[in-house]
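Let me begin by presenting the structure, written as C-alpha cells, before commenting on it.
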Amino acid sequence: MEERRRRLVEDLKDSIEGELRVDRAAVAAYSTDASLYEIEPLAVAFPRRTRDVEVLAAYSADNNIPLIARGAGSGIAGGAIGSGIVIDFSRHMNQIVSISEDRVRVQPGVVRERLNEQLREHGRYFAPDPSNGRITTVGGMLGVDGAGSHAVRVGSARDHVETIECVLSGGQRLELGRELLAGRDTNSDAVSLNRDSAVILSESPQSDSLRLSTMTATTRRTLLLQQLEQILRENDQLIRELQPPLLRNSCGYRLRGILQDNKIDVGRMLVGSEGTLGLFTEATLFTTPLPRNRSAAILMFGSLEGAIQAMQLILPLEPSACDLLDRRLLSLGRGADRRFHDIILPDAEAGLIIEFSGLNEREVLQRLDDMQRLLSDRRIDFQLTRQASSYDDVELLWALPGKVVSLLASLKGNSRPLPFVEDVAVPPERLAEFLPVAQRVFQRHEVTATLYAHAASGQLHFRPIMPIPSRGDSTVMEAIARDLYRKVRDFGGTISGEHGDGLSRTAFIRTQYGALYRVFQQIKEVFDPQKLMNPDKIISNDPSLTVRYLRRTRPMADEVTGVQSTPLLPVMQLAWTVEEATDAAVRCNGCGTCRTQVSPQRMCPFVEENGDEEVSPRAKANVVRNSLCTNSVQELLAQDDTSRLLASCFNCKQCQLDCPSEVNIPHLLIEARAQHVQAHGLSNTAWLLSRVHTYAKMASRVSFVTNRLLNNSIFRRILQRILGISAKRRLPRFTRTLFLESQRVLRNQNSGAPGSNKPTVVYFVDYFANHHDPELGEAFVRVLEHNGYRVFIPPGQTVSGMAMFSNGDLAGARTLAEQNIRELIEPAREGYAIVCTEPTAALCLTQEYPMLVRNDDAGIIAQQTTDAGSFLADLHRRGLLKRDFSPLPMRVAFHTPCHVKALRNGTPMLELLALIPELKVLTIEKGCTGMAGTFGIAAANFQKSIEIGAGLIREMQTVDANIGVTDCSSCRMQMEQAATIPTIHPIKLLALSYGLMPRLSERLKSRPGGLVMS
Ligand SMILES: Cc1cc2nc3c(=O)[nH]c(=O)nc-3n(C[C@H](O)[C@H](O)[C@H](O)COP(=O)(O)OP(=O)(O)OC[C@H]3O[C@@H](n4cnc5c(N)ncnc54)[C@H](O)[C@@H]3O)c2cc1C
Ligand code: SF4
Ligand code: SF4
C-alpha cells in the first residue's frame, strides 16, 4: 500500500495543480462520511480545476485505480468513500461561475445554502431543499438526486438540471444535457429548456495504444450516445414496467423517461448516478423564483395513528409539503430550541407540518382553514399550535425537521437510531396502509424505529434504534433491510427515495428491480467499462455490502481475540479508558454539521477560516477513533501531517457545543496531543508559554524594566528568535505587586474558616489578574463585598494550568491541578462557591480537572465552581444583587468569549451590563477571536490567529464605541491588537458604576499602543 502511495505521488505531483495527500491523517479523515461505513482510501485529491480531474481520470484508467467523487461527505449511504483516490470537490472547485436570468452555472463543490444566498439577491433560488442544505454541496445533491420536504412542489435535483459537465473514466470531458440523436430529425428543436447536442470540450492526449484514456472526446461521445440509445430502445418496455413512476426514487440509474423520440436526456440520467458514471465538474442549473404566498401550520396529535389518519385526509388537498414527525423527534425539538418549546406539546405522540402555496395570501390561508375544517368534520383529534404565513415564520417551522434529524444521534445510551433503511418511499396514497406493515417488520426484529416522513411525496425516514455496530458484527441489519424492502416492493415503492444506494442499499437493488438490473450493468459498461468510477455503488456483485465495510467502533484488541489484551492498547493520558475515549469518538456520526461555514452557530474557527475537511472536528474525531480502533496511535503520531492536525485545535470547545451529538472532540484532541507530547516532548515555545507563571513573578519584580523592554521592537525580535514569542503581538504589562501578594490576600481576615455570619465566596484568581491586572481582583472583591459577601482568596492557589492542558503537557497541568485542589477542597466541602473572573479558569476547574485527576475532590470542586458573570447574574435573577448603579454614559463593544459559551450559562455579563443606566452595549458577533490562551502569542501561530480573529479585529478598529469589553483576558489581547481603544473586564464597569473604585475611570482613557496593551 505504502509503495503504491509513494508511486502515485511521484506520478501525479507535477501533473495536477491541486493537492494530493497520502498521509495517515488525511486517509483516516476521508475514510468515512455520514454513513455507518469506513473504507481507507489510497489517496485524497483536491483538484483546483477541471484539468486536474481529467488527469486523474486518465491516470486512473491507465493504472486501474478507482476514483470516488466527494462533496461534503454528508451522504448517509456511504456513497463518498472507497478504496481508490477520493476526489474532494468541496475545497477548491466550489465557485459560482455565472448567474443569468433563470440559470446558474456552478462548480460541484458549492454548498447549496451558499449558492442560494447569492441567488436570493436575484429573487431566485435552487429549489430542491435537503434539510442539511447548509452543508451539502450541489455536486453531492446531483450525485444522489437530493430532495427535501418540498419535493412534491419543487421536485428533486434532477428536475433542475440543464446540463452537466462530466469527466469520464479515461479523462474525456463532455458537456451533457438533452442530446439530439444522430440521424434523427434535426428540426425538432422545440425544447425550450435544454441544450440539444453534446459539446466536446477537450481531447485527451493521444497515444498509440488502445487504452480508454487514448480515445478522443469525440469518439467517446459518439459511442456513448449510440450505445445508450440502443440500450434504452431495446429495454424500453422493461424500464416502463420495472422502474416505478414514483415522486421520489433515487435507487439505481434513472432510465424512465430519459429517451424521448430523438433525444436522450443524459444530464437527467446522470443525476443520481452517485459518481459511478463520471465526475461532475460543472453544471448549469435552472433557478426558481423565491416562493411567495405560502401558509404553513404545525399540528399536534395524541397518537401516531391520529396523525396518519389526518395525513391521509390532507394529501388529496395537494399541500406543497406535509412532513410527519414522531414522538422522539418532537421531544428532541422541544428540548433543543426555545423557539419550538411552545409549539410542541409535551405529550404529543406525533406532529404534522403542512404547507400550502397559492396565487395570493387569501387563497393560501383559505386552504389552511379548509384543512382544519375537514379534520374537525372527520372528528380527528388534533391541536394546531402555530400557523404561519410570513417568510420568516414559515421558514421557522421548516427549521424544525432540519434541527431534529441531526439531533437524533444525540439520544443517550449505547443504542442509536441507525441510518440503513432510512430512505424508503412508497406511493403517497398508500402511506397510511404501509406504515403499520413497516412497524410490524421492526417489531418482528424486536427493534423500535424513529420515523420522519415527507408524507406528501411518500418518503419515509426510519431509523431503527440498535446498538452501534462494528465491523464483523452480525447480520441483523441485513435481515431487517431484507424484510422491509420486500414489503416496500409489494407496495410499489423504492428502497431509496433521496439518499442514494451507496454501500447500504446496493446489495438490494437487484431485488428491487429484477431484470432491470442487467440494464443498469450495461449502462455502467458504456460509461465506465473498467469499473473504476466509485466501485461497489449501484453496480456490485457483493451480496454482503450492507455490512462488509461497517466502521470500526471498538478497539481492535477486542475485535480480533474477543478478549481485552490491555498491553497492546495505548496508555491513556487523560483520566479515561481506551473504551471511554473510543466511545466518545464513536459518537461522531459524520453528519458534517461541523463543516458548515454558513452557520448561525460559532463552530470550529479553523473550519470557518478555510472550510477544509481535514481540520473539521469530524476529521479529528475520525482520526482519533481510527487510531484507537486499529491500535495505531503511535504510528499516527509519528507523522508530520498529524502534528498539523493536532495544531488545528486550541480547545475552544465550540464544536462540542454546536455538535448535535455533543462529541467531545476537545478532549479527544487533548488526548492525542498528550500522546504526542509523551512520545516527542513539548516544543520550546509551548513549554515556555505554558510556564509563564513561573518566571512572571521575576518579571513583575522588575516591572519597570520589563515593561519598557516589552515595548522595544529590537528586544521583541530577540524574544521571538530565542523563545518563539511573536514580536508583533501586543503583550500585557506586568504589575509590580501581584494580586496574590497584596495586603488584601495576606491579611489575617482572609480565611475560609466557617463561622462568619456573612455568606462566603472563594475567589480563584488565575494568571492574568494576578500578574497583569490586580485591579480586576480588587474590583471583583469589592463588588462581592458590596453585595454582602465575605471573600476568601486562598493564598496558596496557583494558575489553573489551562495553558499546559491545552498544549498536551498533562503532567505539568496535573501538578498544578493537585495544588489547587489541595487549596480549594476544604472550602468547597463547606459548600462555598468558587468563583473565577477568568472564564477559562472556571472551565478548567469544572471540565478539565476531572479529566486530569479522577477523584472525588476534583468532582466536588467542579460542582462548586462558576464564573463571575454566572455567579452575579444568578444573584440578580434571585433578586439578591444590589441595583444602586450610577449611570455610565458611554458605548461599549462587547465580545462573548468561546469559554463563556462553553460554560453553558448563556451570556450573563450582558445581563449584568444591561443593569447599568445609560450604558449602550454593542455586541460583536464575529466568532472566536483566534487568541485561545497562549496560541496567538506564539510566533508560529500569530498569522493564523490574526486570520481567525480578522472580523473582530476589524470591528474593534471601526466600531463607534468608547471601549471594548470582554471577560476573557486572552480575547482582550486580540481586541486590543490593532485597536486604539482599550478593552476592559465587565466587572470593572460594575465596580465603577457602583462607585466602588472611581480610579477605574482612568482605565477607560488608557490606550493600547506600540507593542503593549492598555
Ligand atoms: C442530518 C442529515 C440530513 C439529511 N437530510 C437530507 C435531505 O433532507 N434530503 C436529502 O436528499 N438528503 C439528505 N441527507 C443526505 C445527504 O446530505 C445528501 O445525500 C447530500 O446531497 C449529499 O451531499 P454531499 O455534498 O455531502 O455529497 P457526498 O456525501 O460527498 O456525496 C454523495 C454522492 O454524490 C457523489 N458525488 C459527489 N460529488 C460528485 C461529483 N462532483 N460528481 C459526481 N458524483 C459526485 C458521491 O460520489 C456520492 O456518491 C441528509 C444527511 C444528513 C447527515
Ligand atoms: S463532530 Fe458532531 S457535528 Fe461534526 S460530524 Fe461528528 S457528529 Fe456531526
Ligand atoms: S475545540 Fe475549538 S479549535 Fe478544537 S476542534 Fe473544537 S471548535 Fe475546533
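By convention in this document, the chains of the C-alpha cells carry letters A, B, ... by their order, each chain's residues are numbered from 1, and ligands are numbered from 1 in the order they are shown.
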Would you kindly return, as a ChimeraX atom specification, each protein, DNA or RNA residue with an atom no farther than 9 Å from any atom of segment 263-274 of chain A, considering only C-alpha atoms and excluding same-chain residues fewer than 2 positions away? /A:69,79-80,140-146,157-165,175-181,184,194,196,225,228-229,250-261,276-278,498-502,534,537-538
Using only C-alpha atoms, determine which residues lie at most 6 Å from Ile834 of chain A, disregarding the query and same-chain residues fewer than 6 positions distant; provide the list as number ranges by chain. A: 762-763, 864-865
Residues from the last selection, N, CA and C atoms, saved as a compact mmCIF listing (two decimals), in the first residue's frame:
# COMPACT_ATOMS: atom_id res chain seq x y z
N VAL A 762 -15.31 31.91 47.52
CA VAL A 762 -13.87 31.69 47.34
C VAL A 762 -13.50 32.24 45.98
N TYR A 763 -12.48 33.08 45.96
CA TYR A 763 -12.08 33.69 44.69
C TYR A 763 -10.87 32.95 44.13
N GLN A 864 -18.66 23.04 42.64
CA GLN A 864 -18.77 24.32 43.36
C GLN A 864 -18.31 25.52 42.55
N THR A 865 -17.68 25.25 41.38
CA THR A 865 -17.03 26.35 40.66
C THR A 865 -17.95 26.99 39.63
Kindly assemble as CSV a list of the chain A residues that lie within 10 Å of ligand 3, each paired with its nearest atom pair and their distance in Å to one decimal, using only C-alpha atoms and all ligand atoms, sorted first by chain and then by ascending residue number.
residue,atom,partner,partner_atom_place_in_ligand_line,distance
A:Cys594,CA,ligand 3,7 (S),8.3
A:Arg602,CA,ligand 3,7 (S),8.2
A:Met603,CA,ligand 3,7 (S),5.5
A:Cys604,CA,ligand 3,7 (S),3.4
A:Pro605,CA,ligand 3,8 (Fe),5.8
A:Phe606,CA,ligand 3,8 (Fe),6.0
A:Val607,CA,ligand 3,8 (Fe),7.3
A:Glu608,CA,ligand 3,8 (Fe),9.2
A:Val615,CA,ligand 3,5 (S),7.4
A:Ser616,CA,ligand 3,5 (S),6.6
A:Pro617,CA,ligand 3,5 (S),4.6
A:Arg618,CA,ligand 3,5 (S),8.4
A:Ala619,CA,ligand 3,5 (S),9.2
A:Lys620,CA,ligand 3,5 (S),7.1
A:Ala621,CA,ligand 3,5 (S),9.0
A:Leu645,CA,ligand 3,5 (S),9.6
A:Leu646,CA,ligand 3,4 (Fe),8.9
A:Ala647,CA,ligand 3,3 (S),8.9
A:Ser648,CA,ligand 3,3 (S),6.2
A:Cys649,CA,ligand 3,4 (Fe),3.6
A:Phe650,CA,ligand 3,3 (S),4.6
A:Asn651,CA,ligand 3,1 (S),3.8
A:Cys652,CA,ligand 3,2 (Fe),3.9
A:Lys653,CA,ligand 3,1 (S),3.8
A:Gln654,CA,ligand 3,7 (S),4.4
A:Cys655,CA,ligand 3,7 (S),4.0
A:Gln656,CA,ligand 3,6 (Fe),6.4
A:Leu657,CA,ligand 3,7 (S),8.5
A:Asp658,CA,ligand 3,7 (S),8.8
A:Cys659,CA,ligand 3,6 (Fe),9.5
A:Val663,CA,ligand 3,6 (Fe),9.5
A:Asn664,CA,ligand 3,6 (Fe),8.4
A:Ile665,CA,ligand 3,6 (Fe),5.9
A:Pro666,CA,ligand 3,1 (S),4.6
A:His667,CA,ligand 3,1 (S),8.3
A:Leu668,CA,ligand 3,5 (S),9.4
A:Leu669,CA,ligand 3,4 (Fe),7.4
A:Ile670,CA,ligand 3,4 (Fe),9.2
A:Ser806,CA,ligand 3,1 (S),9.7
A:Cys898,CA,ligand 3,2 (Fe),8.6
A:His899,CA,ligand 3,2 (Fe),9.9
A:Ala902,CA,ligand 3,1 (S),10.0
A:Cys928,CA,ligand 3,2 (Fe),8.9
A:Gly930,CA,ligand 3,3 (S),9.2
A:Ala932,CA,ligand 3,3 (S),8.7
Selection: 6 Å around segment 987-1001 of chain A, only C-alpha atoms, excl. self and same-chain fewer than 3 positions, as a count of residues only: 5
Shell of 10 Å around Phe434 of chain A, only C-alpha atoms, local chain residues under 4 positions omitted, as a ChimeraX atom specification: /A:426-430,438-439,487-488,490-491,493
DSSP on the backbone: what in segment 554-650 of chain A comes out alpha helix (DSSP H), as a ChimeraX atom specification? /A:556-561,578-586,605-610,617-629,633-637,640-647
Could you name the residues that touch Gln678 of chain A at 12 Å or less, counting only C-alpha atoms, but leaving out those on the same chain fewer than 4 positions away, as a PyMOL selection string? chain A and resi 570-574+633-634+637-638+670-674+682-683+807-812
Å distance separating atom CA of Thr798 of chain A from atom CA of Asn820 of chain A, one decimal place: 6.3 Å
Just want the 12 Å neighbourhood of Thr553 of chain A, counted on only C-alpha atoms, with same-chain residues fewer than 2 positions away dropped. Output as a ChimeraX atom specification. /A:36-38,414,467-473,549-551,555-559,578-589,621-622,624-631
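Among A:Asp536, A:Glu305, A:Asp377, A:Glu318, the residue with the shortest atom-to-atom distance to ligand 1, counting only C-alpha atoms and all ligand atoms, is A:Asp536.
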Closest atom pairs, segment 413-527 of chain A residues within 6 Å of segment 320-328 of chain A, only C-alpha atoms, as CSV:
residue,atom,partner,partner_atom,distance
A:Leu451,CA,A:Asp326,CA,5.6
A:Tyr452,CA,A:Leu325,CA,4.8
A:Ala453,CA,A:Leu324,CA,5.0
A:His454,CA,A:Asp323,CA,4.5
A:Ala455,CA,A:Asp323,CA,5.4
A:Ala456,CA,A:Cys322,CA,5.1
Just all heavy atoms for this one: save the residues we selected as an mmCIF file, in the first residue's frame.
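Written output follows (result35.cif):
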data_model
loop_
_atom_site.group_PDB
_atom_site.id
_atom_site.type_symbol
_atom_site.label_atom_id
_atom_site.label_comp_id
_atom_site.auth_asym_id
_atom_site.auth_seq_id
_atom_site.Cartn_x
_atom_site.Cartn_y
_atom_site.Cartn_z
ATOM 1 N N LEU A 451 -39.292 7.751 13.286
ATOM 2 C CA LEU A 451 -39.916 7.993 11.978
ATOM 3 C C LEU A 451 -40.018 9.485 11.690
ATOM 4 O O LEU A 451 -40.524 10.264 12.491
ATOM 5 C CB LEU A 451 -41.333 7.393 11.959
ATOM 6 C CG LEU A 451 -42.194 7.786 10.738
ATOM 7 C CD1 LEU A 451 -41.591 7.263 9.441
ATOM 8 C CD2 LEU A 451 -43.617 7.272 10.895
ATOM 9 N N TYR A 452 -39.505 9.824 10.525
ATOM 10 C CA TYR A 452 -39.703 11.173 9.985
ATOM 11 C C TYR A 452 -40.095 10.972 8.525
ATOM 12 O O TYR A 452 -39.417 10.225 7.814
ATOM 13 C CB TYR A 452 -38.405 11.979 10.118
ATOM 14 C CG TYR A 452 -38.382 13.268 9.337
ATOM 15 C CD1 TYR A 452 -39.444 14.162 9.389
ATOM 16 C CD2 TYR A 452 -37.278 13.607 8.558
ATOM 17 C CE1 TYR A 452 -39.427 15.339 8.667
ATOM 18 C CE2 TYR A 452 -37.250 14.799 7.839
ATOM 19 C CZ TYR A 452 -38.309 15.653 7.890
ATOM 20 O OH TYR A 452 -38.303 16.824 7.174
ATOM 21 N N ALA A 453 -41.176 11.573 8.090
ATOM 22 C CA ALA A 453 -41.644 11.304 6.725
ATOM 23 C C ALA A 453 -41.965 12.588 5.975
ATOM 24 O O ALA A 453 -42.545 13.513 6.542
ATOM 25 C CB ALA A 453 -42.901 10.438 6.784
ATOM 26 N N HIS A 454 -41.521 12.634 4.692
ATOM 27 C CA HIS A 454 -42.043 13.671 3.793
ATOM 28 C C HIS A 454 -43.288 13.036 3.180
ATOM 29 O O HIS A 454 -43.247 12.447 2.093
ATOM 30 C CB HIS A 454 -41.053 14.005 2.678
ATOM 31 C CG HIS A 454 -39.683 14.385 3.163
ATOM 32 N ND1 HIS A 454 -39.488 15.305 4.166
ATOM 33 C CD2 HIS A 454 -38.456 13.981 2.795
ATOM 34 C CE1 HIS A 454 -38.185 15.438 4.370
ATOM 35 N NE2 HIS A 454 -37.544 14.644 3.562
ATOM 36 N N ALA A 455 -44.386 13.114 3.929
ATOM 37 C CA ALA A 455 -45.564 12.326 3.575
ATOM 38 C C ALA A 455 -46.105 12.682 2.199
ATOM 39 O O ALA A 455 -46.563 11.805 1.460
ATOM 40 C CB ALA A 455 -46.646 12.538 4.637
ATOM 41 N N ALA A 456 -46.026 13.969 1.842
ATOM 42 C CA ALA A 456 -46.623 14.373 0.571
ATOM 43 C C ALA A 456 -45.972 13.681 -0.615
ATOM 44 O O ALA A 456 -46.585 13.505 -1.659
ATOM 45 C CB ALA A 456 -46.523 15.890 0.420
#
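In this comparison, which uses only C-alpha atoms and all ligand atoms, the residue of A:Thr281, A:Gln243, A:Thr219, A:Ser410 approaching ligand 1 most closely is A:Thr281.
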